[in-house]
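Enquirer: This is the structure, below, for whatever I ask next.
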Amino acid sequence: MSDHTSENTATQVYPPVPSPTNVKKCNTASAQSKWRPMTTYATIVEDGTSVKILIADDSEILRRSLRSFLEAHEGWTVCGEAIDGRDAVQKAAELAPDVILLDISMPNLDGFEAARRIRQKAPNAQIIFVTQHDSHEMAVRATQAGARCYISKSHIIRELVPAVEAAAKQALN
């Protein structure tokens, strides 16, 4: 399977029970209505709880960039970084993050299998796949592995904040 496909899609948003026939593409306009822009969710949480985020990607540059971007958002804390799939599973169990940003193509354990194992060890964590793969097939596999949504790295700047806000709302309720 190649790392790039010719299909150009935006964030993939899925219902709780995945099947190849009910995967929906979400373009930017519908993403804004579906993932309503809101004040930082963590500021709404009355007990002062912040949103804990785990970043799992084999690219150190991407992990550092995502950390800076996410921690600039009031009430969000990156509780850890994982360098591969096995590390992601271990840190998800240890750190109990609310949201996990998970790459698909990682060494030692791919993102799909890591997501399945994370669902067992940290069932309340909301998994968001952040990946270079931009295909319907990968989106379906991500959903089947337990992901809340799927974001192509080419759309990350405009889609990550609303996706994390929605995932955090689900995790903290």
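Scheme for the structure tokens: letters A, B, ... for chains in order shown; per-chain residue numbers from 1; ligand numbers from 1 in order shown.
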Please list as a VMD selection string every residue within 7 Å of segment 51-61 of chain A, counting only C-alpha atoms and excluding residues in the same chain fewer than 2 positions away.
Expert: chain A and resid 42 49 63 to 65 75 to 84 88 97 to 103 106 168
Enquirer: I need the chosen residues saved as a PDB file, in the first residue's frame, with C-alpha atoms.
Expert:
```
ATOM      1  CA  ALA A  42     -11.285  22.778  29.230  1.00  0.00           C
ATOM      2  CA  THR A  49      -9.624  19.549  34.750  1.00  0.00           C
ATOM      3  CA  ARG A  63       5.621  15.535  17.755  1.00  0.00           C
ATOM      4  CA  ARG A  64       7.378  18.749  18.809  1.00  0.00           C
ATOM      5  CA  SER A  65       5.289  20.849  16.430  1.00  0.00           C
ATOM      6  CA  GLY A  75      -6.492  24.023  29.168  1.00  0.00           C
ATOM      7  CA  TRP A  76      -4.758  21.440  26.981  1.00  0.00           C
ATOM      8  CA  THR A  77      -1.706  19.547  28.213  1.00  0.00           C
ATOM      9  CA  VAL A  78       0.418  17.098  26.281  1.00  0.00           C
ATOM     10  CA  CYS A  79       0.925  14.426  28.931  1.00  0.00           C
ATOM     11  CA  GLY A  80       3.312  12.363  26.814  1.00  0.00           C
ATOM     12  CA  GLU A  81       4.822  11.459  23.494  1.00  0.00           C
ATOM     13  CA  ALA A  82       5.225   8.011  21.976  1.00  0.00           C
ATOM     14  CA  ILE A  83       7.778   7.156  19.290  1.00  0.00           C
ATOM     15  CA  ASP A  84       6.097   4.004  17.971  1.00  0.00           C
ATOM     16  CA  ALA A  88       1.803   4.446  22.442  1.00  0.00           C
ATOM     17  CA  PRO A  97      -4.874  10.518  28.365  1.00  0.00           C
ATOM     18  CA  ASP A  98      -8.250  11.920  27.351  1.00  0.00           C
ATOM     19  CA  VAL A  99      -7.229  12.215  23.692  1.00  0.00           C
ATOM     20  CA  ILE A 100      -4.614  10.314  21.703  1.00  0.00           C
ATOM     21  CA  LEU A 101      -3.242  11.573  18.395  1.00  0.00           C
ATOM     22  CA  LEU A 102      -2.040   8.456  16.628  1.00  0.00           C
ATOM     23  CA  ASP A 103      -0.155   8.011  13.361  1.00  0.00           C
ATOM     24  CA  MET A 106       4.870   3.689  12.835  1.00  0.00           C
ATOM     25  CA  ALA A 168     -12.208  16.102  24.717  1.00  0.00           C
TER      26      ALA A 168
END
```
Enquirer: Quick one: residues within 12 Å of segment 129-131 of chain A, only C-alpha atoms, excluding same-chain residues fewer than 6 positions away - as a PyMOL selection string?
Expert: chain A and resi 3-4+10-13+54-59+62-63+66+99-106+110-112+114-115+138-157+159-160+163-164+167
Enquirer: From the options A:Ala93, A:Leu70, A:Ile118, A:Ala125, which residue's atoms come nearest to Pro162 of chain A, counting only C-alpha atoms?
Expert: A:Leu70
Enquirer: Residues of segment 57-172 of chain A in alpha helix (DSSP H) according to DSSP, as a ChimeraX atom specification?
Expert: /A:60-71,85-95,111-121,136-144,156-172
